[in-house]
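Chemist: Sharing model_14.cif here; it has mmCIF, C-alpha atoms.
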data_entry
#
loop_
_atom_site.label_atom_id
_atom_site.label_comp_id
_atom_site.auth_asym_id
_atom_site.auth_seq_id
_atom_site.Cartn_x
_atom_site.Cartn_y
_atom_site.Cartn_z
CA MET A 1 42.58 77.08 -24.34
CA SER A 2 44.43 73.81 -24.91
CA SER A 3 48.19 74.07 -25.24
CA VAL A 4 49.96 73.76 -28.56
CA LYS A 5 53.13 71.80 -29.29
CA LEU A 6 55.67 73.12 -31.78
CA ILE A 7 58.16 70.60 -33.13
CA GLU A 8 61.20 72.14 -34.79
CA CYS A 9 62.69 69.89 -37.49
CA PRO A 10 66.32 70.69 -38.33
CA ARG A 11 66.68 67.02 -39.34
CA ASP A 12 64.12 67.46 -42.10
CA ALA A 13 65.74 70.72 -43.13
CA MET A 14 69.21 69.18 -43.35
CA GLN A 15 68.70 65.69 -44.70
CA GLY A 16 68.39 66.57 -48.38
CA ILE A 17 71.42 68.88 -48.53
CA ASP A 18 74.32 67.42 -50.50
CA ALA A 19 77.09 69.55 -49.03
CA PHE A 20 77.94 68.15 -45.61
CA ILE A 21 77.15 70.53 -42.78
CA PRO A 22 80.04 70.27 -40.29
CA THR A 23 79.22 68.45 -37.08
CA ASP A 24 80.21 71.43 -34.95
CA SER A 25 77.80 73.63 -36.93
CA LYS A 26 74.99 71.15 -36.33
CA ILE A 27 75.75 71.05 -32.61
CA LYS A 28 75.80 74.85 -32.36
CA TYR A 29 72.53 75.22 -34.26
CA ILE A 30 70.60 72.51 -32.42
CA GLN A 31 71.93 73.75 -29.09
CA GLN A 32 70.54 77.18 -29.93
CA LEU A 33 67.18 75.65 -30.88
CA LEU A 34 67.03 74.02 -27.45
CA SER A 35 66.87 77.47 -25.85
CA VAL A 36 63.78 78.59 -27.81
CA GLY A 37 61.06 76.69 -26.00
CA PHE A 38 60.00 74.16 -28.62
CA ASP A 39 58.19 71.14 -27.24
CA THR A 40 60.43 68.84 -29.30
CA VAL A 41 63.43 69.16 -31.59
CA ASP A 42 63.58 66.58 -34.40
CA MET A 43 67.38 66.59 -34.50
CA GLY A 44 68.65 63.61 -36.46
CA SER A 45 68.15 60.10 -37.69
CA PHE A 46 69.59 56.64 -37.34
CA VAL A 47 69.31 55.32 -40.85
CA SER A 48 71.92 54.06 -43.29
CA PRO A 49 74.64 56.66 -43.96
CA LYS A 50 74.38 55.64 -47.60
CA ALA A 51 70.72 56.65 -47.60
CA ILE A 52 71.16 59.96 -45.75
CA PRO A 53 74.87 60.84 -45.55
CA GLN A 54 74.08 64.28 -44.15
CA LEU A 55 72.97 62.77 -40.84
CA ARG A 56 75.71 60.19 -40.37
CA ASP A 57 76.97 62.18 -37.38
CA THR A 58 73.73 62.11 -35.34
CA ALA A 59 75.35 60.15 -32.49
CA LEU A 60 78.23 62.63 -32.32
CA VAL A 61 75.82 65.55 -32.22
CA LEU A 62 73.74 63.94 -29.49
CA ASP A 63 76.74 63.36 -27.27
CA LYS A 64 77.73 67.05 -27.42
CA LEU A 65 74.35 68.60 -26.65
CA ASP A 66 73.79 70.18 -23.25
CA LEU A 67 70.26 69.34 -22.11
CA THR A 68 70.55 70.71 -18.58
CA LYS A 69 68.86 74.03 -19.36
CA THR A 70 66.10 73.04 -21.74
CA SER A 71 62.63 71.58 -21.43
CA SER A 72 62.62 70.54 -25.08
CA LYS A 73 62.62 66.83 -25.87
CA LEU A 74 64.59 65.18 -28.66
CA LEU A 75 63.27 63.06 -31.53
CA THR A 76 65.20 60.96 -34.02
CA ILE A 77 63.89 59.33 -37.16
CA ILE A 78 64.37 55.61 -37.73
CA ALA A 79 63.34 53.38 -40.62
CA ASN A 80 63.82 49.88 -39.24
CA LEU A 81 64.45 47.90 -36.07
CA ARG A 82 68.21 48.27 -36.40
CA GLY A 83 67.96 52.05 -36.30
CA ALA A 84 65.48 51.86 -33.45
CA LYS A 85 67.86 49.71 -31.39
CA THR A 86 70.55 52.34 -31.82
CA SER A 87 68.23 55.21 -30.99
CA VAL A 88 66.83 53.76 -27.77
CA GLU A 89 70.31 53.47 -26.28
CA PHE A 90 70.54 57.25 -26.01
CA ASP A 91 69.03 58.53 -22.78
CA GLN A 92 68.77 61.99 -24.37
CA ILE A 93 66.13 60.78 -26.84
CA THR A 94 62.45 60.77 -25.87
CA TYR A 95 60.79 60.06 -29.22
CA LEU A 96 61.45 57.73 -32.13
CA GLY A 97 59.79 58.79 -35.36
CA PHE A 98 58.87 56.21 -38.00
CA PRO A 99 57.73 57.27 -41.50
CA PHE A 100 54.86 55.00 -42.52
CA SER A 101 53.78 55.73 -46.06
CA ILE A 102 50.38 54.76 -47.37
CA SER A 103 52.00 54.69 -50.81
CA GLU A 104 53.56 51.31 -51.56
CA GLU A 105 56.02 52.88 -53.99
CA PHE A 106 57.11 55.64 -51.63
CA GLN A 107 57.48 53.25 -48.70
CA LYS A 108 59.79 51.04 -50.73
CA ARG A 109 61.84 54.03 -51.85
CA ASN A 110 61.96 55.60 -48.41
CA THR A 111 62.50 52.58 -46.15
CA ASN A 112 63.28 49.71 -48.55
CA ALA A 113 60.22 47.83 -47.33
CA SER A 114 56.64 47.20 -48.40
CA ILE A 115 53.71 48.47 -46.37
CA GLU A 116 53.16 45.00 -44.89
CA GLU A 117 56.83 44.67 -44.02
CA SER A 118 56.71 48.12 -42.47
CA LEU A 119 53.78 47.10 -40.29
CA MET A 120 55.87 44.25 -38.94
CA ARG A 121 58.66 46.73 -38.26
CA VAL A 122 56.22 48.97 -36.43
CA ASP A 123 55.16 46.07 -34.20
CA ASP A 124 58.77 45.28 -33.32
CA ILE A 125 59.59 48.95 -32.70
CA ILE A 126 56.54 49.35 -30.45
CA ASP A 127 57.75 46.42 -28.33
CA LEU A 128 61.23 47.93 -28.15
CA CYS A 129 59.90 51.35 -27.15
CA ILE A 130 57.87 49.80 -24.36
CA GLN A 131 60.95 47.95 -23.09
CA LYS A 132 63.17 51.03 -23.25
CA LYS A 133 60.52 53.55 -22.14
CA LYS A 134 60.57 55.58 -25.32
CA GLU A 135 57.60 56.95 -27.22
CA LEU A 136 56.90 56.22 -30.87
CA VAL A 137 55.64 58.85 -33.28
CA ILE A 138 54.20 57.50 -36.52
CA TYR A 139 54.25 59.82 -39.53
CA ILE A 140 51.56 58.94 -42.05
CA SER A 141 53.40 60.06 -45.17
CA MET A 142 51.54 60.70 -48.43
CA ALA A 143 48.52 61.39 -46.22
CA PHE A 144 47.24 64.07 -48.59
CA GLY A 145 48.13 62.82 -52.04
CA ASN A 146 50.13 60.41 -54.16
CA PRO A 147 52.42 61.26 -57.11
CA TYR A 148 52.81 57.66 -58.28
CA ARG A 149 49.36 57.15 -59.80
CA GLU A 150 48.45 54.75 -57.02
CA GLU A 151 44.93 54.85 -55.64
CA TRP A 152 44.60 57.56 -53.01
CA ASN A 153 41.81 59.26 -51.12
CA ALA A 154 41.27 60.55 -47.61
CA ASP A 155 39.45 57.40 -46.58
CA ILE A 156 42.51 55.32 -47.46
CA ALA A 157 44.57 57.58 -45.23
CA ALA A 158 41.99 57.19 -42.45
CA HIS A 159 42.10 53.40 -42.85
CA TRP A 160 45.85 53.29 -42.23
CA VAL A 161 45.51 55.62 -39.26
CA ASP A 162 43.06 53.08 -37.81
CA VAL A 163 45.51 50.24 -38.43
CA ILE A 164 48.24 52.14 -36.57
CA ALA A 165 45.89 53.30 -33.81
CA LYS A 166 44.89 49.74 -33.01
CA ARG A 167 48.54 49.02 -32.24
CA GLY A 168 48.44 51.51 -29.38
CA VAL A 169 50.54 54.28 -30.92
CA GLY A 170 49.86 57.51 -29.02
CA ILE A 171 51.12 60.13 -31.50
CA ILE A 172 50.28 60.13 -35.20
CA SER A 173 51.37 62.97 -37.45
CA LEU A 174 49.75 63.44 -40.85
CA SER A 175 52.45 64.30 -43.36
CA ASP A 176 51.85 66.39 -46.46
CA THR A 177 54.85 64.80 -48.13
CA ILE A 178 54.66 66.51 -51.53
CA GLY A 179 52.76 69.67 -50.60
CA SER A 180 49.52 68.48 -52.18
CA SER A 181 47.22 69.12 -49.24
CA THR A 182 44.45 71.68 -49.37
CA SER A 183 42.56 73.33 -46.56
CA GLN A 184 39.60 71.11 -47.46
CA SER A 185 41.56 67.84 -47.31
CA ILE A 186 43.26 68.84 -44.06
CA GLN A 187 39.94 69.75 -42.49
CA TYR A 188 38.22 66.60 -43.72
CA LEU A 189 40.84 64.24 -42.33
CA LEU A 190 41.40 65.93 -38.99
CA GLU A 191 37.71 66.50 -38.27
CA GLN A 192 37.15 62.84 -39.01
CA LEU A 193 40.08 61.49 -36.99
CA ILE A 194 40.45 63.67 -33.90
CA PRO A 195 36.99 62.90 -32.44
CA ALA A 196 37.24 59.23 -33.40
CA TYR A 197 40.52 58.69 -31.52
CA PRO A 198 40.43 60.86 -28.40
CA ASN A 199 43.47 59.14 -26.88
CA ILE A 200 45.72 59.89 -29.84
CA GLU A 201 47.64 63.12 -30.26
CA PHE A 202 47.40 64.09 -33.92
CA GLY A 203 50.01 66.27 -35.52
CA ALA A 204 50.39 68.08 -38.82
CA HIS A 205 53.64 67.93 -40.77
CA LEU A 206 52.73 70.22 -43.63
CA HIS A 207 54.75 71.18 -46.68
CA THR A 208 53.73 74.44 -48.27
CA ARG A 209 54.29 77.07 -50.91
CA PRO A 210 54.86 80.66 -49.80
CA ASP A 211 51.30 81.56 -50.78
CA ASP A 212 49.30 78.75 -49.16
CA TRP A 213 50.79 78.18 -45.71
CA ARG A 214 48.18 80.22 -43.83
CA GLU A 215 45.15 78.39 -45.17
CA LYS A 216 46.76 75.05 -44.31
CA VAL A 217 47.65 76.03 -40.75
CA HIS A 218 44.24 77.59 -40.25
CA ALA A 219 42.44 74.45 -41.44
CA ALA A 220 44.50 72.23 -39.14
CA TYR A 221 44.16 74.49 -36.11
CA GLN A 222 40.43 75.06 -36.53
CA SER A 223 39.96 71.30 -36.91
CA GLY A 224 41.50 70.73 -33.48
CA CYS A 225 45.15 70.01 -34.28
CA ARG A 226 47.51 71.26 -31.57
CA ARG A 227 50.76 69.64 -32.70
CA PHE A 228 52.65 71.28 -35.57
CA ASP A 229 55.98 70.51 -37.23
CA GLY A 230 57.99 73.30 -38.79
CA ALA A 231 61.46 74.31 -39.89
CA ILE A 232 62.89 77.80 -39.53
CA ARG A 233 62.67 79.71 -42.84
CA GLY A 234 61.01 76.68 -44.42
CA PHE A 235 64.33 74.99 -45.13
CA GLY A 236 64.07 71.46 -46.50
CA GLY A 237 61.09 69.47 -47.63
CA CYS A 238 60.58 66.46 -49.83
CA PRO A 239 62.69 66.26 -53.02
CA MET A 240 59.83 64.34 -54.66
CA ALA A 241 57.61 67.42 -54.69
CA SER A 242 57.23 68.59 -58.27
CA ASP A 243 57.23 72.27 -57.28
CA ASP A 244 60.55 73.83 -56.25
CA LEU A 245 58.65 76.36 -54.15
CA VAL A 246 57.31 73.61 -51.86
CA GLY A 247 59.22 73.34 -48.58
CA ASN A 248 58.75 72.72 -44.91
CA MET A 249 56.25 74.82 -43.04
CA PRO A 250 58.22 77.91 -41.90
CA THR A 251 58.22 77.93 -38.11
CA GLU A 252 58.02 81.72 -38.05
CA ASN A 253 54.73 81.47 -39.95
CA LEU A 254 53.35 78.97 -37.46
CA ILE A 255 54.26 81.25 -34.58
CA GLN A 256 52.74 84.26 -36.34
CA TYR A 257 49.45 82.47 -36.93
CA LEU A 258 49.24 81.15 -33.38
CA MET A 259 49.89 84.60 -31.94
CA GLU A 260 47.14 86.03 -34.15
CA VAL A 261 44.58 83.57 -32.76
CA GLY A 262 45.72 84.20 -29.19
CA GLN A 263 47.38 80.82 -28.70
CA GLU A 264 50.26 80.66 -26.25
CA THR A 265 53.33 79.02 -27.76
CA GLY A 266 55.92 79.20 -24.98
CA ILE A 267 58.45 80.50 -27.49
CA ASP A 268 61.26 82.80 -26.34
CA LYS A 269 61.19 85.46 -29.04
CA ALA A 270 64.77 86.59 -28.56
CA ALA A 271 66.10 83.03 -28.64
CA PHE A 272 64.03 82.33 -31.74
CA GLN A 273 65.45 85.38 -33.47
CA LEU A 274 68.97 84.21 -32.71
CA SER A 275 68.11 80.79 -34.08
CA SER A 276 66.73 82.31 -37.25
CA GLN A 277 69.92 84.32 -37.74
CA LEU A 278 72.09 81.29 -37.04
CA SER A 279 70.18 79.23 -39.60
CA LEU A 280 71.57 81.48 -42.34
CA GLN A 281 75.09 80.55 -41.25
CA THR A 282 74.27 76.85 -40.83
CA PHE A 283 72.56 76.08 -44.11
CA PRO A 284 74.34 76.46 -47.46
CA ALA A 285 73.24 79.48 -49.47
#
Once more with this new file: its structure as structure tokens, please.
Modeler:
Amino acid sequence: MSSVKLIECPRDAMQGIDAFIPTDSKIKYIQQLLSVGFDTVDMGSFVSPKAIPQLRDTALVLDKLDLTKTSSKLLTIIANLRGAKTSVEFDQITYLGFPFSISEEFQKRNTNASIEESLMRVDDIIDLCIQKKKELVIYISMAFGNPYREEWNADIAAHWVDVIAKRGVGIISLSDTIGSSTSQSIQYLLEQLIPAYPNIEFGAHLHTRPDDWREKVHAAYQSGCRRFDGAIRGFGGCPMASDDLVGNMPTENLIQYLMEVGQETGIDKAAFQLSSQLSLQTFPA
């Protein structure tokens, strides 16, 4: 049975919180996550502090993490070449994540750039990653729906995956930005894309309601996806979702499902339990 990769996303859980989480609390929480056995921890971002003030201390957090006893890799989100140039200077970072929206409106709101401008940014970031021996992860945001009344369908999403794939990107994660995906749309896209691009690792960054997470995970897993993003207790998610119940995929639910289907996760259960308890102290009530 092929291995599965779990990506824990405290960055996504934290970024929308107004009250600043103290740097020491972030360090303690992410350090604990590094003991769990996640493939990757999405721990911060190098974007404008005005855009995401919560993560203005990412460099400080990075410098205080002890990576000597973990196999987990670190990922930071960037939105332009400037952020990428900062990120690649940290030896601790393996992956740079770039959100590429197939919605023109969302891309402008999220990265202050059009889709065409973002493609040029991707090209520059790819060159930088090659030079600095980092790996780029492209998140196809709005992959499963569009709230701005722009034209959207699964074939449009597949088109932009092809555009990115032709640039040699090795990891593409389909992002359910507003929680609009269904088991049918997840299955359709992944069953179309995974066989067509055998050299690309496809991931699923799914946002869910409490009552629909299982069908989404099941559709992705049965369609061949083996890379899943999650956040403990489902903290965070996209503020543009119209439903307050929509949040990040709870990591505990991912682990539960994978155990049920007999999939090894490499997760240390005791360390995960400690992380789950610590999350309640880290995130504002």
Chemist: What separation in Å, quoted to one decimal, exists between CA of Asp39 (chain A) and CA of Gln107 (chain A)?
Modeler: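 Computing the Euclidean distance for CA of Asp39 (chain A) and CA of Gln107 (chain A) yields 27.9 Å.
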Chemist: Could you check which of A:Asn199, A:Thr208, A:Asn80, A:Thr182 is closest to Asn253 (chain A), using all atoms listed in the file?
Modeler: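 Going through A:Asn199, A:Thr208, A:Asn80, A:Thr182 one by one, the smallest distance to Asn253 (chain A) is for A:Thr208.
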Chemist: What's the 12 Å shell around Gln277 (chain A), counting all atoms listed in the file, without same-chain residues fewer than 4 positions away, as an NGL selection string?
Modeler: :A and (29 or 32-33 or 232-233 or 270-273 or 281-283)
Chemist: Name every residue that the PyMOL selection byres ((chain A and resi 79) around 7) selects in this structure, writing the answer as a list of chain:residue names with chains first and numbers rising.
Modeler: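 Applied to this file, the PyMOL selection byres ((chain A and resi 79) around 7) returns A:Val47, A:Ile77, A:Ile78, A:Asn80, A:Gly83, A:Phe98, A:Pro99, A:Thr111.
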Chemist: Just give me the gap between CA of Lys108 (chain A) and CA of Met249 (chain A) in Å, one decimal is fine.
Modeler: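 So the two atoms, CA of Lys108 (chain A) and CA of Met249 (chain A), lie 25.2 Å apart.
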Chemist: Point out the residue among A:Leu119, A:Ala143, A:Ile130, A:Met14 with the least atom-to-atom distance to Val163 (chain A), counting all atoms listed in the file.
Modeler: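 Nearest candidate to Val163 (chain A) out of A:Leu119, A:Ala143, A:Ile130, A:Met14: A:Leu119.
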Chemist: Report as a PyMOL selection string the residues that result from applying the PyMOL selection byres ((chain A and resi 125) around 12) to the structure here.
Modeler: chain A and resi 78-88+95-98+118-124+126-138+167-169
Chemist: Which of these residues is nearest to Trp152 (chain A), using all atoms listed in the file: A:Ile140, A:Leu190, A:Leu74, A:Ile102?
Modeler: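 Going through A:Ile140, A:Leu190, A:Leu74, A:Ile102 one by one, the smallest distance to Trp152 (chain A) is for A:Ile102.
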Chemist: Of the residues A:Ile115, A:Ala165, A:Ala204, A:Val4, which is the one nearest to Leu258 (chain A), using all atoms listed in the file?
Modeler: A:Val4
Chemist: Return the single residue from A:Ala196, A:Trp213, A:Asp24, A:His159 that is closest to Gln256 (chain A), with distances computed using all atoms listed in the file.
Modeler: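 Going through A:Ala196, A:Trp213, A:Asp24, A:His159 one by one, the smallest distance to Gln256 (chain A) is for A:Trp213.
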Chemist: Would you be able to write out as a list in words which residues have an atom within 9 Å of (60.2, 80.1, -26.9) in the file's coordinates, counting only C-alpha atoms?
Modeler: Ser35, Val36, Gly37, Phe38, Thr265, Gly266, Ile267, Asp268, Lys269, Ala270, Ala271 and Phe272 of chain A
Chemist: Using all atoms listed in the file, which of the listed residues (A:Met43, A:Ile194, A:Ile52, A:Val217) sits closest to Asp18 (chain A)?
Modeler: A:Ile52
Chemist: Could you list, as a ChimeraX atom specification, every residue matched by the PyMOL selection byres ((chain A and resi 56-60) around 10) in this structure?
Modeler: /A:11,15,20-24,26-27,43-55,61-65,76,86-87,90
Chemist: Just to confirm, what's the straight-line distance from CA of Met142 (chain A) to CA of Ile164 (chain A) in Å (one decimal)?
Modeler: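 For CA of Met142 (chain A) relative to CA of Ile164 (chain A), the distance reads 15.0 Å.
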Chemist: (51.4, 61.8, -36.2) in this file's frame - what residues fall within 8 Å of it? Use only C-alpha atoms and give the answer as a list in words.
Modeler: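 Final list of nearby residues, as requested, is Val137, Ile138, Tyr139, Ile140, Ile171, Ile172, Ser173, Leu174, Ser175, Glu201, Phe202, Gly203, Ala204 and His205 of chain A.
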Chemist: List the spatial neighbours of Lys216 (chain A) as a ChimeraX atom specification - criterion: any atom at most 8 Å away, only C-alpha atoms, same-chain residues fewer than 3 positions off excluded.
Modeler: /A:181-183,186,206,212-213,219-220
Chemist: Within 6 Å of Gly247 (chain A), counting all atoms listed in the file, which residues show up once you throw out same-chain ones fewer than 3 positions away? Write them as a PDB file with C-alpha atoms, in the frame of the given file, please.
Modeler:
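Dumped to part-v6.pdb:
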ATOM      1  CA  HIS A 207      54.750  71.180 -46.680  1.00  0.00           C
ATOM      2  CA  THR A 208      53.730  74.440 -48.270  1.00  0.00           C
ATOM      3  CA  GLY A 234      61.010  76.680 -44.420  1.00  0.00           C
ATOM      4  CA  GLY A 236      64.070  71.460 -46.500  1.00  0.00           C
ATOM      5  CA  GLY A 237      61.090  69.470 -47.630  1.00  0.00           C
TER       6      GLY A 237
END
Chemist: Mind rebuilding region 98-115 of chain A with N, CA, C and O atoms and writing that out as a PDB file, in the frame of the given file?
Modeler:
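That gives us result_4.pdb:
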ATOM      1  N   PHE A  98      58.834  57.188 -36.903  1.00  0.00           N
ATOM      2  CA  PHE A  98      58.870  56.210 -38.000  1.00  0.00           C
ATOM      3  C   PHE A  98      57.978  56.689 -39.134  1.00  0.00           C
ATOM      4  O   PHE A  98      56.778  56.906 -38.938  1.00  0.00           O
ATOM      5  N   PRO A  99      58.543  56.855 -40.345  1.00  0.00           N
ATOM      6  CA  PRO A  99      57.730  57.270 -41.500  1.00  0.00           C
ATOM      7  C   PRO A  99      56.997  56.076 -42.097  1.00  0.00           C
ATOM      8  O   PRO A  99      57.625  55.172 -42.657  1.00  0.00           O
ATOM      9  N   PHE A 100      55.681  56.086 -41.988  1.00  0.00           N
ATOM     10  CA  PHE A 100      54.860  55.000 -42.520  1.00  0.00           C
ATOM     11  C   PHE A 100      54.048  55.548 -43.688  1.00  0.00           C
ATOM     12  O   PHE A 100      53.093  56.300 -43.510  1.00  0.00           O
ATOM     13  N   SER A 101      54.460  55.188 -44.895  1.00  0.00           N
ATOM     14  CA  SER A 101      53.780  55.730 -46.060  1.00  0.00           C
ATOM     15  C   SER A 101      52.615  54.850 -46.477  1.00  0.00           C
ATOM     16  O   SER A 101      52.708  53.617 -46.466  1.00  0.00           O
ATOM     17  N   ILE A 102      51.521  55.511 -46.852  1.00  0.00           N
ATOM     18  CA  ILE A 102      50.380  54.760 -47.370  1.00  0.00           C
ATOM     19  C   ILE A 102      50.499  54.573 -48.874  1.00  0.00           C
ATOM     20  O   ILE A 102      49.588  54.047 -49.510  1.00  0.00           O
ATOM     21  N   SER A 103      51.651  54.966 -49.417  1.00  0.00           N
ATOM     22  CA  SER A 103      52.000  54.690 -50.810  1.00  0.00           C
ATOM     23  C   SER A 103      53.006  53.546 -50.825  1.00  0.00           C
ATOM     24  O   SER A 103      54.085  53.652 -50.233  1.00  0.00           O
ATOM     25  N   GLU A 104      52.654  52.458 -51.481  1.00  0.00           N
ATOM     26  CA  GLU A 104      53.560  51.310 -51.560  1.00  0.00           C
ATOM     27  C   GLU A 104      54.888  51.709 -52.206  1.00  0.00           C
ATOM     28  O   GLU A 104      55.966  51.341 -51.725  1.00  0.00           O
ATOM     29  N   GLU A 105      54.807  52.479 -53.268  1.00  0.00           N
ATOM     30  CA  GLU A 105      56.020  52.880 -53.990  1.00  0.00           C
ATOM     31  C   GLU A 105      56.910  53.749 -53.115  1.00  0.00           C
ATOM     32  O   GLU A 105      58.126  53.546 -53.053  1.00  0.00           O
ATOM     33  N   PHE A 106      56.311  54.738 -52.452  1.00  0.00           N
ATOM     34  CA  PHE A 106      57.110  55.640 -51.630  1.00  0.00           C
ATOM     35  C   PHE A 106      57.706  54.909 -50.440  1.00  0.00           C
ATOM     36  O   PHE A 106      58.852  55.171 -50.040  1.00  0.00           O
ATOM     37  N   GLN A 107      56.955  53.982 -49.848  1.00  0.00           N
ATOM     38  CA  GLN A 107      57.480  53.250 -48.700  1.00  0.00           C
ATOM     39  C   GLN A 107      58.702  52.431 -49.089  1.00  0.00           C
ATOM     40  O   GLN A 107      59.685  52.372 -48.356  1.00  0.00           O
ATOM     41  N   LYS A 108      58.639  51.818 -50.268  1.00  0.00           N
ATOM     42  CA  LYS A 108      59.790  51.040 -50.730  1.00  0.00           C
ATOM     43  C   LYS A 108      60.987  51.942 -50.982  1.00  0.00           C
ATOM     44  O   LYS A 108      62.122  51.607 -50.652  1.00  0.00           O
ATOM     45  N   ARG A 109      60.741  53.099 -51.570  1.00  0.00           N
ATOM     46  CA  ARG A 109      61.840  54.030 -51.850  1.00  0.00           C
ATOM     47  C   ARG A 109      62.418  54.621 -50.575  1.00  0.00           C
ATOM     48  O   ARG A 109      63.621  54.839 -50.464  1.00  0.00           O
ATOM     49  N   ASN A 110      61.548  54.880 -49.607  1.00  0.00           N
ATOM     50  CA  ASN A 110      61.960  55.600 -48.410  1.00  0.00           C
ATOM     51  C   ASN A 110      62.570  54.692 -47.350  1.00  0.00           C
ATOM     52  O   ASN A 110      63.502  55.089 -46.646  1.00  0.00           O
ATOM     53  N   THR A 111      62.042  53.473 -47.220  1.00  0.00           N
ATOM     54  CA  THR A 111      62.500  52.580 -46.150  1.00  0.00           C
ATOM     55  C   THR A 111      62.926  51.208 -46.655  1.00  0.00           C
ATOM     56  O   THR A 111      63.246  50.330 -45.853  1.00  0.00           O
ATOM     57  N   ASN A 112      62.894  51.003 -47.976  1.00  0.00           N
ATOM     58  CA  ASN A 112      63.280  49.710 -48.550  1.00  0.00           C
ATOM     59  C   ASN A 112      62.429  48.572 -48.002  1.00  0.00           C
ATOM     60  O   ASN A 112      62.922  47.470 -47.729  1.00  0.00           O
ATOM     61  N   ALA A 113      61.142  48.846 -47.851  1.00  0.00           N
ATOM     62  CA  ALA A 113      60.220  47.830 -47.330  1.00  0.00           C
ATOM     63  C   ALA A 113      58.825  48.106 -47.866  1.00  0.00           C
ATOM     64  O   ALA A 113      58.465  49.249 -48.132  1.00  0.00           O
ATOM     65  N   SER A 114      58.038  47.044 -48.010  1.00  0.00           N
ATOM     66  CA  SER A 114      56.640  47.200 -48.400  1.00  0.00           C
ATOM     67  C   SER A 114      55.833  47.702 -47.214  1.00  0.00           C
ATOM     68  O   SER A 114      56.322  47.766 -46.074  1.00  0.00           O
ATOM     69  N   ILE A 115      54.587  48.042 -47.470  1.00  0.00           N
ATOM     70  CA  ILE A 115      53.710  48.470 -46.370  1.00  0.00           C
ATOM     71  C   ILE A 115      53.547  47.347 -45.356  1.00  0.00           C
ATOM     72  O   ILE A 115      53.622  47.577 -44.142  1.00  0.00           O
TER      73      ILE A 115
END
